[in-house]
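Containing compact mmCIF, C-alpha atoms and all ligand atoms: start-v9.txt.
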# COMPACT_ATOMS: atom_id res chain seq x y z
CA MET I 1411 -1.12 -20.68 44.47
CA ALA I 1412 2.40 -20.72 45.93
CA GLU I 1413 3.54 -17.71 47.94
CA PRO I 1414 6.16 -15.75 46.03
CA THR I 1415 9.60 -16.42 47.42
CA VAL I 1416 11.14 -13.41 45.70
CA PRO I 1417 9.59 -9.95 45.39
CA PRO I 1418 7.64 -9.41 42.18
CA PRO I 1419 9.14 -7.20 39.44
CA THR I 1420 8.27 -3.51 39.44
CA ALA I 1421 5.83 -2.09 36.90
CA ASP I 1422 8.76 -0.58 35.03
CA GLN I 1423 10.52 -3.91 34.88
CA VAL I 1424 7.32 -5.47 33.55
CA ARG I 1425 7.13 -2.78 30.86
CA ASN I 1426 10.68 -3.57 29.87
CA LEU I 1427 9.86 -7.26 29.59
CA LEU I 1428 6.85 -6.37 27.46
CA ARG I 1429 9.12 -4.58 25.02
CA ALA I 1430 9.99 -8.04 23.73
CA VAL I 1431 6.39 -8.60 22.69
CA ILE I 1432 6.08 -7.53 19.09
CA ASP I 1433 2.80 -6.89 17.31
CA PRO I 1434 3.55 -8.87 14.15
CA GLU I 1435 1.16 -6.79 12.07
CA LEU I 1436 2.65 -3.46 13.06
CA GLY I 1437 6.24 -4.62 13.44
CA ALA I 1438 6.96 -2.86 16.74
CA ASN I 1439 6.68 -3.73 20.41
CA ILE I 1440 3.41 -3.29 22.25
CA VAL I 1441 4.82 -0.81 24.77
CA ASP I 1442 6.25 1.63 22.27
CA LEU I 1443 3.10 1.29 20.22
CA GLY I 1444 1.06 2.32 23.25
CA MET I 1445 -0.93 -0.90 23.22
CA ALA I 1446 0.13 -2.05 26.70
CA THR I 1447 -1.41 0.66 28.81
CA ASP I 1448 -1.80 0.04 32.53
CA VAL I 1449 0.52 -2.28 34.37
CA THR I 1450 -0.19 -3.06 38.00
CA VAL I 1451 1.80 -5.46 40.13
CA GLY I 1452 0.23 -6.89 43.29
CA ASN I 1453 2.25 -7.82 46.36
CA ASP I 1454 1.12 -11.39 45.75
CA GLY I 1455 2.96 -11.40 42.40
CA VAL I 1456 -0.21 -11.05 40.32
CA ILE I 1457 0.44 -8.80 37.31
CA THR I 1458 -2.46 -7.11 35.57
CA ILE I 1459 -1.86 -5.61 32.15
CA GLY I 1460 -4.29 -3.58 30.10
CA VAL I 1461 -3.79 -4.30 26.42
CA LYS I 1462 -5.59 -2.20 23.85
CA LEU I 1463 -5.97 -3.88 20.47
CA THR I 1464 -6.45 -1.92 17.30
CA ILE I 1465 -9.72 -3.78 17.01
CA LYS I 1466 -11.39 -6.16 19.45
CA GLY I 1467 -11.62 -9.21 17.24
CA CYS I 1468 -7.96 -8.96 16.29
CA PRO I 1469 -6.80 -12.38 15.09
CA LEU I 1470 -3.40 -11.71 16.67
CA ARG I 1471 -4.91 -11.56 20.12
CA ALA I 1472 -4.09 -15.17 20.98
CA GLN I 1473 -0.51 -14.74 19.82
CA ILE I 1474 -0.03 -11.53 21.80
CA LYS I 1475 -1.52 -13.23 24.87
CA ASN I 1476 0.87 -16.18 24.54
CA ASP I 1477 3.85 -13.91 24.07
CA ILE I 1478 2.99 -11.80 27.10
CA GLU I 1479 2.43 -14.85 29.28
CA SER I 1480 5.57 -16.63 28.23
CA ARG I 1481 7.65 -13.49 28.84
CA LEU I 1482 6.23 -12.85 32.29
CA GLU I 1483 5.13 -16.12 33.84
CA THR I 1484 8.63 -17.52 33.98
CA HIS I 1485 9.93 -14.38 35.66
CA PRO I 1486 10.84 -14.81 39.34
CA GLY I 1487 8.24 -13.39 41.69
CA VAL I 1488 5.39 -13.57 39.18
CA THR I 1489 2.54 -15.79 40.29
CA LYS I 1490 -0.09 -14.92 37.72
CA VAL I 1491 -0.57 -12.78 34.62
CA LYS I 1492 -3.96 -11.22 33.95
CA ILE I 1493 -4.68 -9.43 30.72
CA GLU I 1494 -7.52 -6.94 30.45
CA TRP I 1495 -8.36 -6.46 26.79
CA GLY I 1496 -9.53 -3.17 25.46
CA GLU I 1497 -10.05 -1.57 22.07
CA MET I 1498 -8.45 1.60 20.72
CA ASN I 1499 -10.59 4.49 19.60
CA ALA I 1500 -10.05 6.04 16.16
CA ASP I 1501 -7.51 8.59 17.46
CA GLU I 1502 -5.48 5.98 19.28
CA ARG I 1503 -5.57 3.78 16.21
CA SER I 1504 -4.21 6.47 13.99
CA ALA I 1505 -1.54 7.38 16.58
CA VAL I 1506 -0.43 3.77 16.63
CA MET I 1507 -0.22 3.69 12.85
CA THR I 1508 1.81 6.88 12.80
CA LYS I 1509 4.23 5.25 15.20
CA ALA I 1510 4.38 2.03 13.21
CA ARG I 1511 5.08 3.96 10.03
CA TRP I 1512 7.66 6.06 11.79
CA ASN I 1513 9.41 2.91 13.02
CA ALA I 1514 9.33 1.44 9.55
CA ARG I 1515 10.72 4.66 8.13
CA GLU I 1516 13.52 4.64 10.70
CA ASN I 1517 14.44 1.13 9.60
CA ALA I 1518 14.00 1.80 5.92
CA GLY I 1519 17.13 2.56 3.94
CA ASP I 1520 17.40 5.87 2.18
CA THR I 1521 15.74 6.02 -1.18
CA ALA I 1522 16.31 8.61 -3.85
CA VAL I 1523 12.64 9.60 -3.70
CA PRO I 1524 12.30 13.03 -2.04
CA VAL I 1525 10.60 12.92 1.36
CA THR I 1526 7.96 15.38 0.21
CA THR I 1527 6.80 13.22 -2.71
CA ARG I 1528 3.32 11.72 -2.44
CA VAL I 1529 3.77 8.08 -3.35
CA LEU I 1530 0.76 6.24 -4.77
CA ALA I 1531 0.98 2.59 -5.81
CA ILE I 1532 -1.71 1.39 -8.20
CA ALA I 1533 -2.52 -2.17 -7.19
CA SER I 1534 -5.22 -4.80 -7.55
CA GLY I 1535 -5.85 -8.30 -6.41
CA LYS I 1536 -6.01 -9.39 -10.02
CA GLY I 1537 -4.38 -8.78 -13.41
CA GLY I 1538 -6.04 -7.22 -16.44
CA VAL I 1539 -8.30 -4.88 -14.47
CA GLY I 1540 -6.61 -1.74 -15.79
CA LYS I 1541 -3.87 -0.87 -13.29
CA SER I 1542 -1.51 0.28 -16.02
CA SER I 1543 -4.23 2.23 -17.84
CA VAL I 1544 -5.11 3.98 -14.57
CA THR I 1545 -1.45 4.72 -13.83
CA ALA I 1546 -0.81 6.20 -17.28
CA ASN I 1547 -3.95 8.31 -17.28
CA LEU I 1548 -3.56 9.63 -13.75
CA ALA I 1549 0.08 10.44 -14.50
CA VAL I 1550 -0.75 12.59 -17.54
CA ALA I 1551 -3.75 14.16 -15.80
CA LEU I 1552 -1.62 15.18 -12.80
CA ALA I 1553 1.15 16.48 -15.07
CA ALA I 1554 -1.37 18.42 -17.16
CA GLN I 1555 -2.21 20.33 -13.97
CA GLY I 1556 1.38 21.53 -13.87
CA HIS I 1557 2.88 18.91 -11.56
CA THR I 1558 6.08 16.92 -11.75
CA VAL I 1559 5.04 13.28 -11.77
CA GLY I 1560 7.28 10.24 -11.54
CA VAL I 1561 6.12 6.90 -12.88
CA LEU I 1562 7.82 3.72 -11.74
CA ASP I 1563 6.82 0.70 -13.79
CA ALA I 1564 7.09 -2.01 -11.15
CA ASP I 1565 5.67 -4.59 -13.53
CA ILE I 1566 9.21 -5.68 -14.30
CA TRP I 1567 8.38 -8.47 -16.75
CA GLY I 1568 5.04 -7.24 -18.02
CA PHE I 1569 5.97 -3.57 -18.39
CA SER I 1570 3.52 -1.36 -20.26
CA MET I 1571 4.46 2.22 -19.36
CA PRO I 1572 6.73 2.81 -22.39
CA ARG I 1573 3.92 1.94 -24.79
CA MET I 1574 1.11 3.62 -22.86
CA LEU I 1575 3.03 6.85 -22.30
CA GLY I 1576 4.72 6.83 -25.69
CA MET I 1577 8.15 6.88 -24.11
CA SER I 1578 10.42 4.07 -25.17
CA GLU I 1579 13.88 5.68 -25.41
CA ARG I 1580 16.60 3.76 -23.60
CA LEU I 1581 17.41 5.01 -20.13
CA ALA I 1582 20.69 6.83 -19.70
CA ALA I 1583 22.92 6.74 -16.63
CA ARG I 1584 25.31 9.43 -15.48
CA LYS I 1585 27.05 10.69 -12.39
CA VAL I 1586 25.05 13.24 -10.47
CA GLY I 1587 26.79 15.73 -8.16
CA ASP I 1588 29.70 14.19 -6.29
CA ALA I 1589 28.21 10.68 -6.13
CA ASP I 1590 30.71 7.94 -6.97
CA LYS I 1591 28.17 5.74 -8.72
CA PRO I 1592 26.25 6.76 -11.83
CA LYS I 1593 22.49 7.16 -11.44
CA ILE I 1594 19.75 6.16 -13.87
CA ILE I 1595 18.18 9.26 -15.41
CA PRO I 1596 14.42 8.88 -15.93
CA ASN I 1597 13.01 9.58 -19.36
CA GLU I 1598 11.13 12.84 -19.43
CA ARG I 1599 8.10 14.10 -21.29
CA ARG I 1600 6.63 17.57 -20.98
CA ILE I 1601 2.87 17.72 -20.55
CA GLY I 1602 1.71 21.34 -20.67
CA SER I 1603 3.49 23.05 -17.80
CA GLY I 1604 3.99 19.71 -16.05
CA LEU I 1605 6.57 16.98 -16.43
CA LEU I 1606 6.59 13.19 -16.49
CA LYS I 1607 9.67 11.27 -15.30
CA VAL I 1608 9.41 7.61 -16.16
CA VAL I 1609 11.45 4.46 -15.55
CA SER I 1610 10.57 1.00 -16.77
CA THR I 1611 12.49 -2.17 -17.53
CA GLY I 1612 11.03 -1.70 -21.00
CA MET I 1613 13.52 1.15 -21.33
CA LEU I 1614 16.47 -1.09 -20.47
CA VAL I 1615 15.69 -4.16 -22.47
CA ASP I 1616 16.62 -3.94 -26.11
CA ASP I 1617 17.42 -7.50 -26.97
CA GLU I 1618 16.67 -11.02 -25.84
CA SER I 1619 19.80 -11.43 -23.75
CA THR I 1620 19.22 -8.33 -21.62
CA ALA I 1621 15.64 -9.46 -21.24
CA LEU I 1622 16.91 -12.79 -19.96
CA MET I 1623 19.26 -11.05 -17.57
CA TRP I 1624 16.34 -9.16 -16.03
CA ARG I 1625 14.36 -12.35 -15.80
CA GLY I 1626 17.01 -13.64 -13.42
CA LEU I 1627 16.71 -10.59 -11.23
CA MET I 1628 14.47 -10.75 -8.25
CA LEU I 1629 11.41 -8.61 -8.72
CA THR I 1630 11.92 -6.75 -5.48
CA LYS I 1631 15.58 -6.12 -6.28
CA ALA I 1632 14.63 -4.45 -9.52
CA VAL I 1633 12.11 -2.21 -7.80
CA GLU I 1634 14.66 -1.44 -5.10
CA GLN I 1635 17.07 -0.32 -7.79
CA PHE I 1636 14.47 1.92 -9.31
CA LEU I 1637 13.94 3.52 -5.93
CA ASN I 1638 17.59 3.85 -5.01
CA ASP I 1639 19.58 4.21 -8.19
CA VAL I 1640 17.36 6.57 -10.13
CA HIS I 1641 18.04 10.28 -10.01
CA TRP I 1642 14.41 11.33 -9.50
CA GLY I 1643 15.23 14.92 -8.65
CA GLU I 1644 12.28 17.15 -7.86
CA LEU I 1645 9.09 15.11 -7.70
CA GLU I 1646 5.62 15.96 -6.43
CA TYR I 1647 3.96 12.63 -7.13
CA LEU I 1648 5.32 9.15 -7.73
CA LEU I 1649 2.89 6.67 -9.25
CA ILE I 1650 3.93 3.04 -9.08
CA ASP I 1651 2.33 0.63 -11.54
CA MET I 1652 2.26 -2.61 -9.57
CA PRO I 1653 2.61 -6.06 -11.11
CA PRO I 1654 -0.27 -8.51 -10.70
CA GLY I 1655 -0.08 -10.74 -7.63
CA THR I 1656 1.58 -7.99 -5.70
CA GLY I 1657 2.76 -9.78 -2.56
CA ASP I 1658 6.55 -9.50 -2.81
CA VAL I 1659 6.75 -6.08 -4.39
CA GLN I 1660 4.25 -4.72 -1.93
CA MET I 1661 6.23 -6.01 1.01
CA GLY I 1662 9.37 -4.52 -0.48
CA LEU I 1663 7.64 -1.18 -0.88
CA ALA I 1664 6.33 -1.28 2.67
CA ARG I 1665 9.89 -1.80 3.81
CA MET I 1666 11.56 0.75 1.55
CA LEU I 1667 8.87 3.40 1.21
CA PRO I 1668 6.45 2.91 4.08
CA ARG I 1669 4.68 6.16 3.23
CA THR I 1670 3.29 4.60 0.04
CA ASP I 1671 -0.50 4.74 -0.22
CA LEU I 1672 -2.31 2.16 -2.30
CA ILE I 1673 -4.96 2.85 -4.90
CA ILE I 1674 -6.86 -0.37 -5.46
CA VAL I 1675 -8.27 -0.93 -8.93
CA THR I 1676 -11.15 -3.32 -9.33
CA THR I 1677 -13.74 -4.15 -11.97
CA PRO I 1678 -17.42 -4.18 -11.04
CA ALA I 1679 -17.37 -7.95 -11.44
CA VAL I 1680 -14.54 -9.00 -9.21
CA SER I 1681 -16.10 -10.76 -6.29
CA ALA I 1682 -15.74 -8.38 -3.39
CA GLN I 1683 -15.03 -11.17 -0.95
CA LYS I 1684 -12.10 -12.52 -2.92
CA VAL I 1685 -10.50 -9.12 -3.28
CA ALA I 1686 -11.24 -8.33 0.34
CA ILE I 1687 -9.38 -11.44 1.41
CA ARG I 1688 -6.36 -10.42 -0.66
CA ALA I 1689 -6.55 -6.88 0.63
CA ALA I 1690 -6.80 -8.22 4.16
CA ASP I 1691 -3.74 -10.29 3.50
CA MET I 1692 -1.73 -7.35 2.24
CA ALA I 1693 -2.87 -5.12 5.05
CA GLN I 1694 -1.75 -7.74 7.49
CA ARG I 1695 1.68 -8.23 6.03
CA SER I 1696 2.52 -4.69 5.07
CA PHE I 1697 0.87 -1.73 6.70
CA LEU I 1698 0.41 0.50 3.75
CA ARG I 1699 -2.52 2.85 3.79
CA ILE I 1700 -5.28 2.83 1.19
CA ALA I 1701 -5.86 6.09 -0.67
CA GLY I 1702 -9.00 4.75 -2.30
CA VAL I 1703 -10.63 2.42 -4.78
CA ILE I 1704 -11.09 2.99 -8.51
CA GLU I 1705 -13.66 0.94 -10.34
CA ASN I 1706 -12.57 0.41 -13.94
CA MET I 1707 -14.61 -0.96 -16.86
CA SER I 1708 -17.71 0.19 -14.99
CA HIS I 1709 -20.21 0.17 -17.83
CA PHE I 1710 -20.42 0.54 -21.56
CA THR I 1711 -22.51 3.21 -23.28
CA CYS I 1712 -23.26 2.45 -26.93
CA GLU I 1713 -23.61 5.03 -29.70
CA HIS I 1714 -27.37 5.15 -29.10
CA GLY I 1715 -26.80 6.20 -25.52
CA SER I 1716 -27.92 2.97 -23.85
CA THR I 1717 -25.74 1.88 -20.97
CA TYR I 1718 -24.83 -1.73 -20.26
CA PRO I 1719 -23.12 -3.01 -17.12
CA LEU I 1720 -21.07 -5.52 -19.13
CA PHE I 1721 -18.92 -6.64 -16.24
CA GLY I 1722 -21.47 -6.43 -13.46
CA GLU I 1723 -22.22 -3.64 -11.04
CA GLY I 1724 -21.29 -2.37 -7.62
CA GLY I 1725 -17.90 -4.08 -7.15
CA GLY I 1726 -16.04 -0.84 -6.53
CA ALA I 1727 -18.52 0.49 -4.02
CA THR I 1728 -18.68 -2.85 -2.20
CA LEU I 1729 -14.92 -3.11 -1.94
CA ALA I 1730 -14.49 0.52 -0.86
CA ASN I 1731 -17.15 0.00 1.75
CA GLU I 1732 -15.60 -3.20 3.06
CA ILE I 1733 -12.17 -1.72 3.52
CA GLY I 1734 -13.46 1.62 4.75
CA ALA I 1735 -11.90 3.57 1.88
CA GLU I 1736 -13.33 6.06 -0.59
CA LEU I 1737 -14.51 5.11 -4.07
CA LEU I 1738 -12.45 7.66 -6.02
CA GLY I 1739 -14.22 7.17 -9.31
CA GLN I 1740 -15.69 4.86 -11.92
CA ILE I 1741 -14.14 4.59 -15.37
CA PRO I 1742 -16.46 3.40 -18.15
CA ILE I 1743 -15.37 1.00 -20.88
CA GLU I 1744 -14.40 2.95 -23.98
CA ASN I 1745 -12.47 1.90 -27.04
CA ALA I 1746 -10.67 5.20 -26.81
CA VAL I 1747 -9.10 4.16 -23.47
CA ALA I 1748 -7.47 1.13 -25.10
CA HIS I 1749 -6.60 3.11 -28.23
CA GLY I 1750 -4.96 5.88 -26.20
CA SER I 1751 -2.86 3.28 -24.42
CA ASP I 1752 -1.75 1.73 -27.68
CA THR I 1753 -0.71 5.03 -29.22
CA GLY I 1754 1.07 6.51 -26.23
CA GLU I 1755 -1.51 9.27 -25.84
CA PRO I 1756 -3.57 8.39 -22.74
CA ILE I 1757 -7.14 9.55 -23.16
CA ALA I 1758 -7.02 11.78 -20.07
CA LEU I 1759 -4.62 14.02 -21.99
CA THR I 1760 -6.99 15.42 -24.60
CA GLY I 1761 -10.05 13.18 -24.68
CA ASP I 1762 -13.51 14.64 -24.03
CA SER I 1763 -15.23 11.36 -23.21
CA ALA I 1764 -16.72 10.21 -19.91
CA ALA I 1765 -13.64 8.07 -19.19
CA ALA I 1766 -11.29 11.01 -19.83
CA GLU I 1767 -13.37 13.18 -17.47
CA ALA I 1768 -13.42 10.45 -14.83
CA PHE I 1769 -9.62 10.15 -14.89
CA ARG I 1770 -9.20 13.94 -14.66
CA ASP I 1771 -11.68 14.12 -11.76
CA ILE I 1772 -9.69 11.54 -9.81
CA ALA I 1773 -6.48 13.47 -10.46
CA LYS I 1774 -8.17 16.63 -9.16
CA LYS I 1775 -9.24 14.79 -6.02
CA ILE I 1776 -5.67 13.67 -5.47
CA ILE I 1777 -4.30 17.18 -6.00
CA SER I 1778 -6.83 18.90 -3.78
CA ALA I 1779 -5.89 16.42 -1.06
CA THR I 1780 -9.47 15.32 -0.68
CA VAL I 1781 -8.02 11.85 -0.83
CA PRO I 1782 -7.12 11.06 2.73
CA ALA I 1783 -5.48 7.73 3.22
CA THR I 1784 -7.32 5.19 5.32
CA ASP I 1785 -5.32 3.56 8.03
CA MET I 1786 -5.51 -0.17 7.71
CA ALA I 1787 -4.70 -0.75 11.37
CA GLY I 1788 -6.77 -3.61 12.57
CA CYS I 1789 -8.53 -3.70 9.27
CA SER I 1790 -7.38 -7.20 8.60
CA ALA I 1791 -9.50 -8.19 11.55
CA ARG I 1792 -12.40 -6.08 10.32
CA LEU I 1793 -12.06 -7.49 6.82
CA LEU I 1794 -11.81 -11.06 7.98
CA GLU I 1795 -14.89 -10.44 10.07
CA SER I 1796 -16.86 -9.08 7.14
CA VAL I 1797 -15.66 -11.94 4.97
CA GLU I 1798 -16.87 -14.40 7.57
CA VAL I 1799 -20.19 -12.62 7.72
CA ALA I 1800 -20.44 -12.73 3.93
CA LEU I 1801 -19.65 -16.42 3.92
CA GLY I 1802 -22.36 -17.01 6.50
CA LYS I 1803 -19.94 -18.13 9.19
CA LYS I 1804 -20.87 -15.29 11.47
CA PRO I 1805 -24.12 -13.49 12.19
CA ARG I 1806 -24.48 -10.03 10.71
N1 LIG H 1 -11.82 1.62 -19.23
C1 LIG H 1 -11.36 0.85 -20.22
N2 LIG H 1 -12.00 0.78 -21.40
C2 LIG H 1 -11.54 -0.01 -22.40
N3 LIG H 1 -10.43 -0.76 -22.33
C3 LIG H 1 -9.73 -0.72 -21.17
C4 LIG H 1 -10.15 0.09 -20.07
N4 LIG H 1 -9.24 -0.09 -19.06
C5 LIG H 1 -8.32 -0.95 -19.53
N5 LIG H 1 -8.59 -1.34 -20.79
C6 LIG H 1 -7.84 -2.30 -21.61
O1 LIG H 1 -7.78 -3.52 -20.88
C7 LIG H 1 -6.53 -4.15 -21.01
C8 LIG H 1 -5.92 -4.37 -19.64
O2 LIG H 1 -5.61 -3.12 -19.05
P1 LIG H 1 -4.26 -2.86 -18.27
O3 LIG H 1 -4.28 -1.42 -17.87
O4 LIG H 1 -3.10 -3.35 -19.05
O5 LIG H 1 -4.50 -3.78 -16.99
P2 LIG H 1 -3.48 -4.30 -15.86
O6 LIG H 1 -2.35 -3.35 -15.82
O7 LIG H 1 -4.29 -4.32 -14.61
O8 LIG H 1 -3.07 -5.68 -16.27
C9 LIG H 1 -5.70 -3.25 -21.89
O9 LIG H 1 -5.76 -3.71 -23.20
C10 LIG H 1 -6.39 -1.89 -21.79
O10 LIG H 1 -6.22 -1.10 -22.93
MG MG H 2 -0.28 -3.72 -16.02
Please express the file's structure as structure tokens.
Ligand SMILES: Nc1ncnc2c1ncn2[C@@H]1O[C@H](COP(=O)(O)OP(=O)(O)O)[C@@H](O)[C@H]1O
Ligand SMILES: [Mg+2]
Amino acid sequence: MAEPTVPPPTADQVRNLLRAVIDPELGANIVDLGMATDVTVGNDGVITIGVKLTIKGCPLRAQIKNDIESRLETHPGVTKVKIEWGEMNADERSAVMTKARWNARENAGDTAVPVTTRVLAIASGKGGVGKSSVTANLAVALAAQGHTVGVLDADIWGFSMPRMLGMSERLAARKVGDADKPKIIPNERRIGSGLLKVVSTGMLVDDESTALMWRGLMLTKAVEQFLNDVHWGELEYLLIDMPPGTGDVQMGLARMLPRTDLIIVTTPAVSAQKVAIRAADMAQRSFLRIAGVIENMSHFTCEHGSTYPLFGEGGGATLANEIGAELLGQIPIENAVAHGSDTGEPIALTGDSAAAEAFRDIAKKIISATVPATDMAGCSARLLESVEVALGKKPR
């Protein structure tokens, strides 16, 4: 090894250089995130850096290593770069996520959604599993408890909130306060002492040509408008009914409303691995937290009281377990669920069936804040690992 001809950089200078190394998953540099811990510089120009990963088997490890080396090795006075890998504990992991979210929030534009609103996006890896039914029922159940609940129908082309909530009036726009641009006023419906405030493209489209106009609009742009140009006013909860194949919209949400927590809806049949891979993918690209899993269409109980697992069993629990989130509830298959959706009277409103109870129980869990959000930091690594185990590529 050649003797250094110039003095090596100081530890502070090294830290500054490391600020150019971005953790792609968390979208911030490894120094500010607290991932690059100890830096020592030897007189011989050997730099030793302790790097704590959110999880040991992090797939980004190789990339972070390359970035660190290419930043430092070319620097005058550096003869060698040694990286000592470590793993964060749970507290450090959640501190890092808080920072990452804070950064994202700093970079996010202002939205019209109050900062105190709990934002829950109802998502799934697959269409037709009941996202919209869950959104509509949770919305009325939360409102029935006296809360003000916003519903944003982010399924721009396949909207179903107007039908399911029985609210199809056209949206109005007017100037609010001293704003120079008119705002969209959500449609409102009183539920007991609570209130629903709903926006959906289904409330804008009244003929083919406007429908065509919306078709030309980028999905994320439409959602952005709903977040920015709607006068939400006071709002305790905002439920977002996500479109199927949620990639783009999810990324947009992560950028605009990084405090969004996801509720993942699955059926008992959906192969846990497949959904886990999609969830891993979303966790990697956005860093939204998971508020929990809801298993829909869990079983069917006939009029004689026999119960049949029509669509399989255990999918919700398996998924919740794999992503380290809570299974918030299981909704049985009932004709009344579909009927309620078709008539604009979601079953959770007045129904006395098992499904109605299950929806109301989940709403209660959300209200009583027994639904902590699970940080997905490093979970993509954990998920990928469990997927590999499941596929037999790795020992258990
Ligand atoms: N628990 C349930 N019991 C019976 N039918 C259901 C249930 N959940 C959803 N459905 C019906 O399944 C269909 C798909 O549900 P939907 O909420 O539109 O799914 P997604 O929004 O995920 O595409 C709808 O016709 C709905 O009424
Ligand atoms: Mg839907």
- [ ] Residues up to 9 Å from ligand LIG 1 (chain H), counting all atoms listed in the file: could you list those as a ChimeraX atom specification?
- [x] /I:1532-1534,1536-1546,1565,1568-1570,1574,1651-1654,1675-1676,1706-1710,1740-1752,1765
Task: Option closest in space to ligand MG 2 (chain H), from I:Glu1646, I:Glu1713, I:Asp1563, I:Glu1723 [counting all atoms listed in the file] - done: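 Ranking I:Glu1646, I:Glu1713, I:Asp1563, I:Glu1723 by distance to ligand MG 2 (chain H), first place goes to I:Asp1563.
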Open item on the list: Under the rule that all atoms listed in the file are counted, which of I:Glu1705, I:Asp1422, I:Glu1644, I:Glu1755 is the nearest residue to His1557 of chain I?
Closed with: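 Of I:Glu1705, I:Asp1422, I:Glu1644, I:Glu1755, the one nearest His1557 of chain I, counting all atoms listed in the file, is I:Glu1644.
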- [ ] To one decimal in Å, tell me the separation between atom CA of Gly1460 of chain I and atom CA of Ile1493 of chain I.
- [x]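 According to the coordinates, atom CA of Gly1460 of chain I and atom CA of Ile1493 of chain I are separated by 5.9 Å.
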- [ ] Find, counting only C-alpha atoms, the residue in I:Ala1522, I:Ile1673, I:Val1633, I:Val1529 that gets nearest to Met1661 of chain I.
- [x]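 With only C-alpha atoms as the atom set, the closest residue is I:Val1633.
In terms of minimum interatomic distance to Ala1701 of chain I, I:Ile1674 ranks closest within I:Ile1440, I:Ile1457, I:Leu1606, I:Ile1674, counting all atoms listed in the file.
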- [ ] Could you tell me how far atom CA of Thr1489 of chain I lies from atom CA of Gln1423 of chain I, in Å and to one decimal?
- [x] 15.3 Å
Open item on the list: Residues proximal to (15.1, 1.9, -1.9) were defined as those with any atom within 10 Å of that point in the file's coordinates, counting all atoms listed in the file. Which are they, as a ChimeraX atom specification?
Closed with: /I:1518-1523,1630-1640,1662-1663,1665-1667
Write a file of the just-selected residues containing C-alpha atoms, as a compact mmCIF listing (two decimals), in the frame of the given file.
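And here's again-v2.txt as it stands now:
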# COMPACT_ATOMS: atom_id res chain seq x y z
CA ALA I 1518 14.00 1.80 5.92
CA GLY I 1519 17.13 2.56 3.94
CA ASP I 1520 17.40 5.87 2.18
CA THR I 1521 15.74 6.02 -1.18
CA ALA I 1522 16.31 8.61 -3.85
CA VAL I 1523 12.64 9.60 -3.70
CA THR I 1630 11.92 -6.75 -5.48
CA LYS I 1631 15.58 -6.12 -6.28
CA ALA I 1632 14.63 -4.45 -9.52
CA VAL I 1633 12.11 -2.21 -7.80
CA GLU I 1634 14.66 -1.44 -5.10
CA GLN I 1635 17.07 -0.32 -7.79
CA PHE I 1636 14.47 1.92 -9.31
CA LEU I 1637 13.94 3.52 -5.93
CA ASN I 1638 17.59 3.85 -5.01
CA ASP I 1639 19.58 4.21 -8.19
CA VAL I 1640 17.36 6.57 -10.13
CA GLY I 1662 9.37 -4.52 -0.48
CA LEU I 1663 7.64 -1.18 -0.88
CA ARG I 1665 9.89 -1.80 3.81
CA MET I 1666 11.56 0.75 1.55
CA LEU I 1667 8.87 3.40 1.21
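With atom CA of Leu1436 of chain I on one side and atom CA of Val1456 of chain I on the other, the separation reads 28.4 Å.
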TODO: Using only C-alpha atoms and all ligand atoms, find the one residue out of I:Ser1610, I:Lys1774, I:Ala1735, I:Met1571 that sits nearest to ligand MG 2 (chain H).
DONE: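 Looking only at the distances to ligand MG 2 (chain H), the closest residue turns out to be I:Met1571.
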Open item on the list: Calculated over only C-alpha atoms, which of the candidates I:His1714, I:Lys1591, I:Arg1699, I:Lys1509 has the smallest distance to Ala1664 of chain I?
Closed with: I:Arg1699
Open item on the list: If we count only C-alpha atoms and set the cut-off at 10 Å, which residues sit around Thr1558 of chain I, ignoring sequence neighbours fewer than 5 positions away in its own chain? Please answer as a list in words.
Closed with: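 These residues fall inside the cut-off: Thr1527, Ala1549, Val1550, Leu1552, Ala1553, Arg1600, Ile1601, Ser1603, Gly1604, Leu1605, Leu1606, Lys1607, Gly1643, Glu1644, Leu1645, Glu1646, Tyr1647 and Leu1648 of chain I.
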TODO: Mind checking which residues fall within 7 Å of Leu1649 of chain I, counting all atoms listed in the file, ignoring those fewer than 6 positions away in the same chain, and posting them as a PyMOL selection string?
DONE: chain I and resi 1529-1531+1545+1560-1562
Open item on the list: I'd like the contact shell of Arg1481 of chain I - 12 Å cut-off, only C-alpha atoms, skipping same-chain residues fewer than 2 positions apart - returned as a list in words.
Closed with: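 The residues satisfying every condition are Gln1423, Val1424, Arg1425, Asn1426, Leu1427, Leu1428, Arg1429, Ala1430, Val1431, Ile1432, Ile1474, Lys1475, Asn1476, Asp1477, Ile1478, Glu1479, Glu1483, Thr1484, His1485, Pro1486, Val1488, Lys1490 and Val1491 of chain I.
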Selection file, C-alpha atoms, as a compact mmCIF listing (two decimals), keeping the file's coordinate frame:
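This is the output file again-v9.txt:
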# COMPACT_ATOMS: atom_id res chain seq x y z
CA GLN I 1423 10.52 -3.91 34.88
CA VAL I 1424 7.32 -5.47 33.55
CA ARG I 1425 7.13 -2.78 30.86
CA ASN I 1426 10.68 -3.57 29.87
CA LEU I 1427 9.86 -7.26 29.59
CA LEU I 1428 6.85 -6.37 27.46
CA ARG I 1429 9.12 -4.58 25.02
CA ALA I 1430 9.99 -8.04 23.73
CA VAL I 1431 6.39 -8.60 22.69
CA ILE I 1432 6.08 -7.53 19.09
CA ILE I 1474 -0.03 -11.53 21.80
CA LYS I 1475 -1.52 -13.23 24.87
CA ASN I 1476 0.87 -16.18 24.54
CA ASP I 1477 3.85 -13.91 24.07
CA ILE I 1478 2.99 -11.80 27.10
CA GLU I 1479 2.43 -14.85 29.28
CA GLU I 1483 5.13 -16.12 33.84
CA THR I 1484 8.63 -17.52 33.98
CA HIS I 1485 9.93 -14.38 35.66
CA PRO I 1486 10.84 -14.81 39.34
CA VAL I 1488 5.39 -13.57 39.18
CA LYS I 1490 -0.09 -14.92 37.72
CA VAL I 1491 -0.57 -12.78 34.62
